[in-house]
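Here is the structure we will look at.
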Amino acid sequence: MNKNTPPNVIALKPPDAKDIKQRLKQNLPATLHALLPNGLVRAGKFVVGDTSGGKGESLVVEMKGSKAGLWHDFATGDGGDILDLWAEVKGFDRKSQFKELITDIQNWIGGGIPTAQPMQCKHNAHKPAQNLGEPTAKWDYTDAHGALIASVYRYDPKGRRKQFRPWDAVKGVMKAPDIRPLYNQPNIAKSKIIILVEGEKCAEALITLGIYATTAMNGAKAPIDKTDWSPLKGKQVLIWPDHDEAGLSYARKAASASARAGALQVKILKVPPDKPPKWDAADAVEEGLNIHEILKNWDRVVAKDKPIKPDMIPLYSVADLRADHSPMPEDLISPRVLTPGGMLVFGGAPKVGKSDFLISLLANMAAGETFLGLSSKRPLRVFYLQAEVQYHYLRERIQRLRLPDETLERLQQNFVMTPQVRLILNEDGIDKIARSVKARFGERPPDIIAIDPIRNVFDGGGIGGENDNDAMMFFLSKRVEELRNRINPEAGLILAHHTKKVSKKYVEEDPFQALSGAGSLRSYYTSGIILHRPDEGLATRNLVFELRNGPEIPQKTILREASGWREVDSNAERLAMRSHGSKIDAEQLRKKDILLRTIYSEALQGRVYTARQFSDSFKNKSGLGSSRSLRDKLNVLSTKGHIKFFKNADVYGLPQAQRSRQGYICVEDMALGDGTRIFPTHFKHPQTAQVLPVDDPKKWIISSSKGEL
């Protein structure tokens with residue numbers, strides 16, 4: 001067996017660098033996402049923060065054309081081709097380690113031709129990597145029983161930066177295991193409290209002090225989804241990140257992974273801002289700091305906390321519940337819109353009037369007045385935490401309120417609000433708000449706590465943003481509930497939230513699925529209200545309700561006037577809209593005719609278009625609207641059958657449609673300049689919107705389904 005061939009590895013034909021580079025460029029998206037998983041494709045270019053994979057857009061890689069694979073880091077000035085990028089990310093020196101670089105790429109893409117069958121041999125001791133010299137450090141990764149899984153070797157080649165090489169001891173190959181283990185597992189199994197750091201050097205620095213520490217293989221570059229985090233199940237995990245953005249990003253991802261693996265508690269240590277960049281646990285040990293004091297006293301972010309375990313939980317039999325005839329708790333806002341200890345989520349698109357509506361609702365409840373059929377049995381004490389409207393514009397809105405004079409005294413006593421606050425609902429924010437509210441309300445705490453909007457005060461505990469289910473559950477259960485418990489455990493919560501940018505049809509079909517962010521929000525609240533405008537041409541809004549603990553409330557149509565919000569009769573509203581609607585219908589017919597005639601006349605001049613090409617070419621012409629508006633109109637006309645598609649362009653001597661799965665658009669009786677008729681090959685199904693082959697190209701069928709242009 002060749003002594004230079006790693007154990008159990010088939011010798012391969014020497015790789016050809018030109019071929020390797022071409023294969024990477026041919027599979028560029030997969031290559032880039034494998035190298036830098038945090039990167040994104042925007043406007044045909046791959047962007048990422050840096051060669052370490054940090055979030056951002058400083059590093060740009062060309063994806064198309066003759067420059068495909070070329071990259072430039074605008075923050076550092078570095079750049080090169082795809083081989084340079086691979087070398088930079090993987091830690092190779094392209095000049096002195098070119099052979100190793102190409103071999104590493106070849107191993108990833110599976111290049112080479114087997115020249116010999118694998119030989120049975122024992123796992124030999126690790127041989128020094130070529131051109132790196134002897135390893136300067138070695139760390140063994142074992143299972144909980146001490147069986148070797150993998151090793152990591154560190155090299156410090158002269159004149160070059162440090163490099164690491166993983167060894168899969170199970171397969172006997174110089175690569176990382178498919179599933180990476182955690183470090184120091186025998187000691188993890190012994191302890192309830194584990195310190196998770198970035199890298200073996202930091203872990204060993206703490207281990208020498210008798211601290212149970214671990215790390216993921218590859219440190220901040222550890223692939224979260226390829227690491228076995230299960231040894232942390234049932235543990236209390238404290239993550240000590242390196243003092244840089246990459247370290248904090250790693251800590252957040254590791255916190256989420258640890259929580260999902262079943263860790264009992266997960267916290268992230270806050271490194272003081274005065275520490276130098278990249279400062280870590282090993283530096284703290286080297287500086288002689290009191291590590292035990294650091295672990296005990298430094299601030300931390302709670303990503304997952306231990307559940308409170310009461311001695312007993314309440315249990316009720318059917319007999320118990322049937323025998324209880326005590327009065328039901330009074331609604332805070334009737335009918336069952338907001339109950340004591342309940343949570344109402346109030347959603348709407350930006351600029352729909354959410355804050356104005358919410359102020360009116362809260363003001364009426366504070367004054368003890370009925371508002372759009374919603375009422376309270378007594379004037380309610382209200383605390384309104386709002387983070388959007390500045391003081392002067394807030395007072396302008398309050399002064400516009402129109403309430404009876406006899407209610408003003410109650411309103412002025414009961415309704416307390418903030419100007420635009422710039423704080424996060426973390427532990428410090430909760431403490432500041434709770435102390436301020438108690439100082440203002442005294443012994444009679446507020447009945448309602450309203451937060452508008454939650455996006456501006458959101459704290460996911462380092463787990464993620466508002467789109468992450470775990471982070472949203474953390475915010476609701478550990479932040480919002482904690483604020484309520486500190487102020488008044490029986491208070492009702494109102495959370496104002498944005499809806500997603502979706503079609504009005506989507507909102508009408510399932511309004512509460514339009515709430516922005518994680519779906520866990522919807523599973524948490526006890527009631528919901530959506531305010532949306534079904535027609536941008538009208539001033540009316542629809543108010544939709546969802547109650548978990550009460551009867552269904554019919555949708556309301558409301559209108560904002562100078563005197564305030566009022567409910568309008570939806571039937572009368574539809575009658576009033578008929579004249580307006582007939583004008584819209586006439587305009588829609590005009591635009592439809594212009595569209596169809598334009599497509600027809602362009603074909604006579606030998607010009608045919610895909611839907612996107614047509615929208616881009618005729619935007620803002622003849623009153624047809626923007627490119628997006630044109631695409632919407634073409635979509636409606638194709639669904640109704642006025643527009644179909646043909647994919648056999650070569651039959652007519654035309655070039656094939658580029659970047660379109662539908663092909664070119666065509667209309668009835670369309671022909672080229674020489675009189676050649678063009679027949680459709682495909683149509684859009686009116687119910688499923690699928691593009692399907694036509695049965696008879698010469699028979700033009702118009703759908704009978706209703707729709708608007």
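Ligands are numbered from 1 in the order shown, residues from 1 within each chain, and chains are lettered A, B, ... in the order they appear in the structure tokens.
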Exercise for review: Would you list, as a ChimeraX atom specification, the residues of region 277-523 of chain A that end up in helix (DSSP H, G or I) under DSSP run on this structure's backbone?
Suggested key: /A:281-286,291-297,318-323,354-367,391-400,405-414,427-441,454-457,469-487,504-509,511-514,520-523
Exercise for review: For Glu198 (chain A), work out the shell of residues within 8 Å, counting only C-alpha atoms and skipping chain neighbours fewer than 4 positions away, then give it as a PyMOL selection string.
Suggested key: chain A and resi 202-203+215-216+219-220+240-242+247
Practice item. Pick out the residues sitting within 6 Å of region 360-368 of chain A, and hand them over as a VMD selection string; count only C-alpha atoms, and ignore anything fewer than 3 positions along from it in its own chain. Key: chain A and resid 357 378 to 381 407 410 to 411 414 to 415
Point to revise | Nearby residues (only C-alpha atoms) at most 8 Å from region 551-563 of chain A, same-chain spacing under 3 positions excluded, as a list of chain:residue names | key: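 Contacts, with the query itself left out: A:Leu401, A:Arg402, A:Ala539, A:Thr540, A:Arg541, A:Asn542, A:Leu543, A:Val544, A:Phe545, A:Glu546, A:Leu547, A:Arg566, A:Glu567, A:Val568, A:Asp569, A:Ser570.
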Point to revise | Pick from A:Leu70, A:Val271, A:Val416, A:Ala261, whichever lies nearest to Leu248 (chain A) using only C-alpha atoms | key: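 Answer, going by the shortest atom-to-atom distance: A:Val271.
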Would you give me, as JSON lines, each residue of region 241-339 of chain A having an atom within 8 Å of an atom of region 451-464 of chain A, along with its shortest atom pair and that distance in Å to one decimal, using only C-alpha atoms and sorting by chain and residue number?
{"residue": "A:Arg252", "atom": "CA", "partner": "A:Gly462", "partner_atom": "CA", "distance": 5.3}
{"residue": "A:Lys253", "atom": "CA", "partner": "A:Ile463", "partner_atom": "CA", "distance": 6.9}
{"residue": "A:Ala255", "atom": "CA", "partner": "A:Ile463", "partner_atom": "CA", "distance": 6.5}
{"residue": "A:Ser256", "atom": "CA", "partner": "A:Ile463", "partner_atom": "CA", "distance": 5.4}
{"residue": "A:Ile268", "atom": "CA", "partner": "A:Gly462", "partner_atom": "CA", "distance": 7.8}
{"residue": "A:Val301", "atom": "CA", "partner": "A:Gly461", "partner_atom": "CA", "distance": 6.1}
{"residue": "A:Val302", "atom": "CA", "partner": "A:Gly461", "partner_atom": "CA", "distance": 5.7}
{"residue": "A:Ala303", "atom": "CA", "partner": "A:Gly461", "partner_atom": "CA", "distance": 4.7}
{"residue": "A:Lys304", "atom": "CA", "partner": "A:Gly461", "partner_atom": "CA", "distance": 7.8}
What would the file look like if the residues just selected were written as a compact mmCIF listing (two decimals), in the first residue's frame with N, CA and C atoms?
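Once everything was written out, this is part.txt:
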# COMPACT_ATOMS: atom_id res chain seq x y z
N ARG A 252 -25.75 32.37 18.54
CA ARG A 252 -27.21 32.37 18.36
C ARG A 252 -27.68 31.07 17.72
N LYS A 253 -26.95 30.63 16.68
CA LYS A 253 -27.34 29.39 16.01
C LYS A 253 -27.16 28.20 16.95
N ALA A 255 -27.31 28.26 20.16
CA ALA A 255 -28.35 28.34 21.19
C ALA A 255 -29.65 27.72 20.70
N SER A 256 -30.02 28.05 19.47
CA SER A 256 -31.24 27.47 18.90
C SER A 256 -31.11 25.96 18.75
N ILE A 268 -26.61 32.93 26.67
CA ILE A 268 -25.43 33.41 25.95
C ILE A 268 -24.75 34.48 26.80
N VAL A 301 -27.77 36.65 27.97
CA VAL A 301 -29.07 36.66 27.30
C VAL A 301 -29.68 35.28 27.46
N VAL A 302 -30.93 35.23 27.90
CA VAL A 302 -31.61 33.95 28.09
C VAL A 302 -32.25 33.53 26.77
N ALA A 303 -31.79 32.43 26.21
CA ALA A 303 -32.38 31.90 24.98
C ALA A 303 -33.47 30.88 25.28
N LYS A 304 -33.28 30.13 26.35
CA LYS A 304 -34.29 29.17 26.81
C LYS A 304 -34.11 29.01 28.30
Review point. Could you write out, as a PyMOL selection string, all the residues of region 2-82 of chain A that DSSP marks as strand (DSSP E)?
Key: chain A and resi 40-42+45-48+59-62+71-73+79-80
Review point. What's the 12 Å shell around Asp428 (chain A), counting only C-alpha atoms, without same-chain residues fewer than 5 positions away, as number ranges by chain?
Key: A: 299-301, 423, 433-435, 459, 479, 482-483
If you keep C-alpha atoms, can you produce a file of those selected residues as a PDB file, in the first residue's frame?
ATOM      1  CA  ASP A 299     -24.583  39.494  32.066  1.00  0.00           C
ATOM      2  CA  ARG A 300     -26.185  36.977  29.761  1.00  0.00           C
ATOM      3  CA  VAL A 301     -29.074  36.660  27.301  1.00  0.00           C
ATOM      4  CA  LEU A 423     -36.285  50.180  23.604  1.00  0.00           C
ATOM      5  CA  ILE A 433     -41.497  49.780  31.801  1.00  0.00           C
ATOM      6  CA  ALA A 434     -42.832  47.967  34.883  1.00  0.00           C
ATOM      7  CA  ARG A 435     -41.335  50.536  37.274  1.00  0.00           C
ATOM      8  CA  ASP A 459     -36.592  40.410  21.546  1.00  0.00           C
ATOM      9  CA  ARG A 479     -41.034  38.787  27.499  1.00  0.00           C
ATOM     10  CA  GLU A 482     -43.280  38.614  32.077  1.00  0.00           C
ATOM     11  CA  LEU A 483     -44.265  42.243  31.490  1.00  0.00           C
TER      12      LEU A 483
END
Exercise for review: Please identify all polymer residues within 12 Å of Phe614 (chain A), counting only C-alpha atoms, omitting same-chain residues fewer than 3 positions from it, and present them as a ChimeraX atom specification.
Suggested key: /A:595-596,598-599,602-603,607-611,617-621,624,626-634,664-666
**Study point:** Residue neighbourhood region 679-687 of chain A, 7 Å, only C-alpha atoms, exclusion window fewer than 5 positions, as an NGL selection string
**Key:** :A and (638-640 or 644-647 or 666 or 692-694 or 697-698 or 703)
With N, CA and C atoms retained, could you export that selection as a compact mmCIF listing (two decimals), in the first residue's frame?
# COMPACT_ATOMS: atom_id res chain seq x y z
N SER A 638 -55.28 35.65 -19.21
CA SER A 638 -54.92 34.27 -19.56
C SER A 638 -55.75 33.28 -18.76
N THR A 639 -56.07 33.61 -17.51
CA THR A 639 -56.92 32.72 -16.70
C THR A 639 -58.32 32.64 -17.29
N LYS A 640 -58.81 33.74 -17.86
CA LYS A 640 -60.16 33.76 -18.45
C LYS A 640 -60.17 33.25 -19.88
N LYS A 644 -53.66 33.01 -24.60
CA LYS A 644 -53.13 31.66 -24.45
C LYS A 644 -51.63 31.71 -24.79
N PHE A 645 -50.99 30.56 -24.95
CA PHE A 645 -49.54 30.51 -25.13
C PHE A 645 -49.17 29.55 -26.25
N PHE A 646 -48.05 29.85 -26.93
CA PHE A 646 -47.53 28.87 -27.89
C PHE A 646 -46.04 28.67 -27.64
N LYS A 647 -45.65 27.38 -27.59
CA LYS A 647 -44.26 27.02 -27.27
C LYS A 647 -43.50 26.49 -28.49
N CYS A 666 -50.33 34.65 -27.01
CA CYS A 666 -51.03 34.85 -28.28
C CYS A 666 -52.50 35.11 -28.00
N LEU A 692 -51.53 24.09 -19.27
CA LEU A 692 -51.77 22.75 -19.79
C LEU A 692 -51.88 22.79 -21.31
N PRO A 693 -51.63 21.66 -22.01
CA PRO A 693 -51.78 21.62 -23.47
C PRO A 693 -53.25 21.80 -23.87
N VAL A 694 -53.47 22.50 -24.98
CA VAL A 694 -54.85 22.66 -25.49
C VAL A 694 -55.27 21.38 -26.21
N PRO A 697 -56.06 23.21 -31.02
CA PRO A 697 -55.49 24.54 -31.20
C PRO A 697 -56.37 25.49 -32.02
N LYS A 698 -57.21 24.94 -32.90
CA LYS A 698 -58.01 25.79 -33.78
C LYS A 698 -59.35 26.18 -33.17
N SER A 703 -63.05 31.09 -20.92
CA SER A 703 -63.56 30.57 -19.65
C SER A 703 -64.77 31.38 -19.21
Exercise for review: Using only C-alpha atoms, find the one residue out of A:Val480, A:Ile179, A:Ile529, A:Leu238 that sits nearest to Gly348 (chain A).
Suggested key: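 For Gly348 (chain A), the nearest of the candidates is A:Ile529.
Proximity ranking of A:Asp93, A:Glu508, A:Glu388, A:Asp650 relative to Val421 (chain A) places A:Glu388 first, based on only C-alpha atoms.
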Practice item. Kindly indicate which residue among A:Lys306, A:Ile195, A:Arg486, A:Ala387 lies nearest to Glu427 (chain A), using only C-alpha atoms for the distances. Key: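 Once distances to Glu427 (chain A) are computed over only C-alpha atoms, the minimum belongs to A:Arg486.
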